[in-house]
Amino acid sequence: MFRLITLITASIVICSCTFTYEVPYQDVSASKLPAAHVMQKMNIKAAYLPMDENNPSQKLEDNGSGVKQLMIMPIAKQINKSAKDILPQYFTETAVLESAKSDKGLIISVELQDFDFNTTVRGFNTCGVTPKLNLRIHFMDSGGRELYRSDTVSSIDHVEYSCTSTKEAQEVWNARLYAAAGDAFIKSLDSMLNSYAVNNYLRGQSQEKAPEPSPYVPDGATEKERLRAAFEHGYIDSAQLTKAIGELGGDRSKLLESFLNGKIDAKKFGELY
């Protein structure tokens, strides 16, 4: 890890055995976000209350060598960017707020509860990082009253890069922080979609009836598991489940294919199937 940090701007602080390492913020493409699970946007405004970006996240780490490292990372900036990039995938209208009040819709705010970096060094020139972010996300009505709260921890893949390239190190760290924030945020939104309190509120606020949330299924779920999730959430009954599973091994109806391909949500599938 010590070799990793020497790539980033370093300065001696506090005493001769403590160093400060700061990764400057870089904009990351939204293509680096983890995949979202939403099947249909909710017909409601979602307003995001950004985190304070003036105080970068800091953590003092000791690798056991007697040299302490003060890590300074643009976590708040990457959380804010990931939230702004993800929300349009879930809601038909989005906005950014300056205070915890909105003219309509749902207000979303984020707290960084804890974080870790999980750095590695392999050989003489290979460094790696897997940021882990623990986020608490609040879902509030337009007056700031909390409807739902979600605590989520990110889980993303470990990425390695050249220890001798400052440019590559900075790009990887920013991309991994952005992806970790996005992963935790998506998990919270997927959990929110199944919240009774939030969905009741959204139905009351929408000019049209808000779409029913589709059941959450993890990445890599089989077609049979997706059908069982729809059944367990009450979108299809046992007869429809049996019929659909029977079709999986033979000729499939266009309606079943549309559901499995994400073209219609679970509620519409249950109504028409």
# chains A, B, ... in the order shown; residues from 1 in each chain; ligands from 1

call {"tool": "residues_around", "arguments": {"residues": "Gln89 in chain A", "least_positions_apart": "2", "cutoff": "10 Å", "atoms": "only C-alpha atoms", "output": "PyMOL selection string"}}
result
chain A and resi 36-42+84-87+91-94

call {"tool": "select_by_dssp", "arguments": {"residues": "range 219-255 of chain A", "states": "helix (DSSP H, G or I)", "output": "ChimeraX atom specification"}}
result
/A:223-232,238-248,254-255

call {"tool": "write_last_selection", "arguments": {"atoms": "N, CA and C atoms", "output": "compact mmCIF listing (two decimals), in the first residue's frame"}}
result
# COMPACT_ATOMS: atom_id res chain seq x y z
N GLU A 223 -34.31 -17.17 -15.43
CA GLU A 223 -35.67 -16.80 -15.83
C GLU A 223 -36.69 -17.36 -14.85
N LYS A 224 -36.45 -18.55 -14.37
CA LYS A 224 -37.37 -19.17 -13.40
C LYS A 224 -37.37 -18.36 -12.10
N GLU A 225 -36.21 -17.87 -11.67
CA GLU A 225 -36.12 -17.07 -10.45
C GLU A 225 -36.86 -15.74 -10.61
N ARG A 226 -36.82 -15.17 -11.80
CA ARG A 226 -37.53 -13.92 -12.05
C ARG A 226 -39.04 -14.15 -11.98
N LEU A 227 -39.48 -15.26 -12.50
CA LEU A 227 -40.90 -15.58 -12.44
C LEU A 227 -41.34 -15.84 -10.99
N ARG A 228 -40.51 -16.53 -10.23
CA ARG A 228 -40.86 -16.79 -8.83
C ARG A 228 -40.90 -15.49 -8.03
N ALA A 229 -40.01 -14.54 -8.35
CA ALA A 229 -40.04 -13.24 -7.67
C ALA A 229 -41.34 -12.51 -7.96
N ALA A 230 -41.81 -12.57 -9.20
CA ALA A 230 -43.09 -11.95 -9.55
C ALA A 230 -44.24 -12.61 -8.79
N PHE A 231 -44.17 -13.93 -8.63
CA PHE A 231 -45.20 -14.66 -7.88
C PHE A 231 -45.17 -14.29 -6.41
N GLU A 232 -43.97 -14.25 -5.81
CA GLU A 232 -43.83 -13.96 -4.39
C GLU A 232 -44.27 -12.55 -4.04
N SER A 238 -50.43 -18.61 -8.79
CA SER A 238 -49.76 -19.91 -8.93
C SER A 238 -50.01 -20.54 -10.30
N ALA A 239 -51.23 -20.37 -10.84
CA ALA A 239 -51.54 -20.93 -12.15
C ALA A 239 -50.71 -20.25 -13.24
N GLN A 240 -50.56 -18.93 -13.14
CA GLN A 240 -49.75 -18.21 -14.12
C GLN A 240 -48.28 -18.62 -14.00
N LEU A 241 -47.81 -18.79 -12.75
CA LEU A 241 -46.42 -19.22 -12.55
C LEU A 241 -46.17 -20.57 -13.19
N THR A 242 -47.06 -21.52 -12.94
CA THR A 242 -46.92 -22.86 -13.51
C THR A 242 -46.93 -22.82 -15.04
N LYS A 243 -47.86 -22.04 -15.60
CA LYS A 243 -47.96 -21.91 -17.05
C LYS A 243 -46.68 -21.32 -17.64
N ALA A 244 -46.16 -20.25 -17.01
CA ALA A 244 -44.97 -19.57 -17.53
C ALA A 244 -43.74 -20.48 -17.45
N ILE A 245 -43.58 -21.19 -16.32
CA ILE A 245 -42.44 -22.10 -16.19
C ILE A 245 -42.52 -23.21 -17.24
N GLY A 246 -43.75 -23.66 -17.53
CA GLY A 246 -43.93 -24.67 -18.57
C GLY A 246 -43.51 -24.18 -19.94
N GLU A 247 -43.68 -22.88 -20.19
CA GLU A 247 -43.30 -22.32 -21.50
C GLU A 247 -41.79 -22.17 -21.65
N LEU A 248 -41.06 -22.14 -20.54
CA LEU A 248 -39.62 -21.89 -20.63
C LEU A 248 -38.90 -22.96 -21.44
N LYS A 254 -45.28 -14.30 -26.81
CA LYS A 254 -44.65 -12.99 -26.93
C LYS A 254 -44.74 -12.21 -25.63
N LEU A 255 -45.84 -12.43 -24.88
CA LEU A 255 -46.02 -11.75 -23.61
C LEU A 255 -44.96 -12.17 -22.60

call {"tool": "closest_residue", "arguments": {"among": "A:Thr120, A:Asn174, A:Thr152, A:Asn43", "to": "Leu106 in chain A", "atoms": "only C-alpha atoms"}}
result
A:Asn43

call {"tool": "closest_residue", "arguments": {"among": "A:Ala95, A:Ala47, A:Cys127, A:Val159", "to": "Asp141 in chain A", "atoms": "only C-alpha atoms"}}
result
A:Ala47

call {"tool": "closest_residue", "arguments": {"among": "A:Phe139, A:Tyr148, A:Ser162, A:Pro24", "to": "Arg122 in chain A", "atoms": "only C-alpha atoms"}}
result
A:Ser162

call {"tool": "closest_residue", "arguments": {"among": "A:Ile236, A:Lys77, A:Arg252, A:Ser195", "to": "Leu272 in chain A", "atoms": "only C-alpha atoms"}}
result
A:Ile236

call {"tool": "closest_residue", "arguments": {"among": "A:Leu112, A:Ala169, A:Ile44, A:Ile107", "to": "Gly204 in chain A", "atoms": "only C-alpha atoms"}}
result
A:Ile44

call {"tool": "atom_distance", "arguments": {"atom1": "CA of Asn125 in chain A", "atom2": "CA of Val172 in chain A"}}
result
15.0 Å

call {"tool": "residues_around", "arguments": {"residues": "Val23 in chain A", "least_positions_apart": "4", "cutoff": "9 Å", "atoms": "only C-alpha atoms", "output": "PDB file with C-alpha atoms, in the first residue's frame"}}
result
ATOM      1  CA  ILE A   8      -0.236  10.492  -5.348  1.00  0.00           C
ATOM      2  CA  THR A   9       0.691  13.976  -4.118  1.00  0.00           C
ATOM      3  CA  MET A  71      -5.864   9.450   2.898  1.00  0.00           C
ATOM      4  CA  ILE A  72      -7.907  12.343   1.444  1.00  0.00           C
ATOM      5  CA  MET A  73     -10.483  11.322  -1.174  1.00  0.00           C
ATOM      6  CA  PRO A  74     -13.253  13.125  -3.140  1.00  0.00           C
ATOM      7  CA  ALA A 169      -3.796   5.669 -10.214  1.00  0.00           C
ATOM      8  CA  GLN A 170      -5.906   8.817 -10.069  1.00  0.00           C
ATOM      9  CA  TRP A 173      -9.362   5.665  -7.713  1.00  0.00           C
ATOM     10  CA  ASN A 174     -11.957   8.108  -9.018  1.00  0.00           C
TER      11      ASN A 174
END

call {"tool": "closest_residue", "arguments": {"among": "A:Phe115, A:Tyr235, A:Tyr161, A:Tyr21", "to": "Ala184 in chain A", "atoms": "only C-alpha atoms"}}
result
A:Phe115

call {"tool": "atom_distance", "arguments": {"atom1": "CA of Tyr90 in chain A", "atom2": "CA of Met192 in chain A"}}
result
11.0 Å

call {"tool": "select_by_dssp", "arguments": {"residues": "range 11-138 of chain A", "states": "strand (DSSP E)", "output": "JSON, numbers by chain"}}
result
{"A": [11, 12, 18, 19, 20, 21, 22, 42, 43, 44, 45, 46, 47, 48, 49, 57, 58, 59, 60, 61, 62, 68, 69, 70, 71, 72, 73, 91, 92, 93, 94, 95, 96, 106, 107, 108, 109, 110, 111, 112, 113, 114, 115, 116, 119, 120, 121, 122, 126, 127, 128, 129, 132, 133, 134, 135, 136, 137, 138]}

call {"tool": "atom_distance", "arguments": {"atom1": "CA of Ser150 in chain A", "atom2": "CA of Tyr196 in chain A"}}
result
13.6 Å
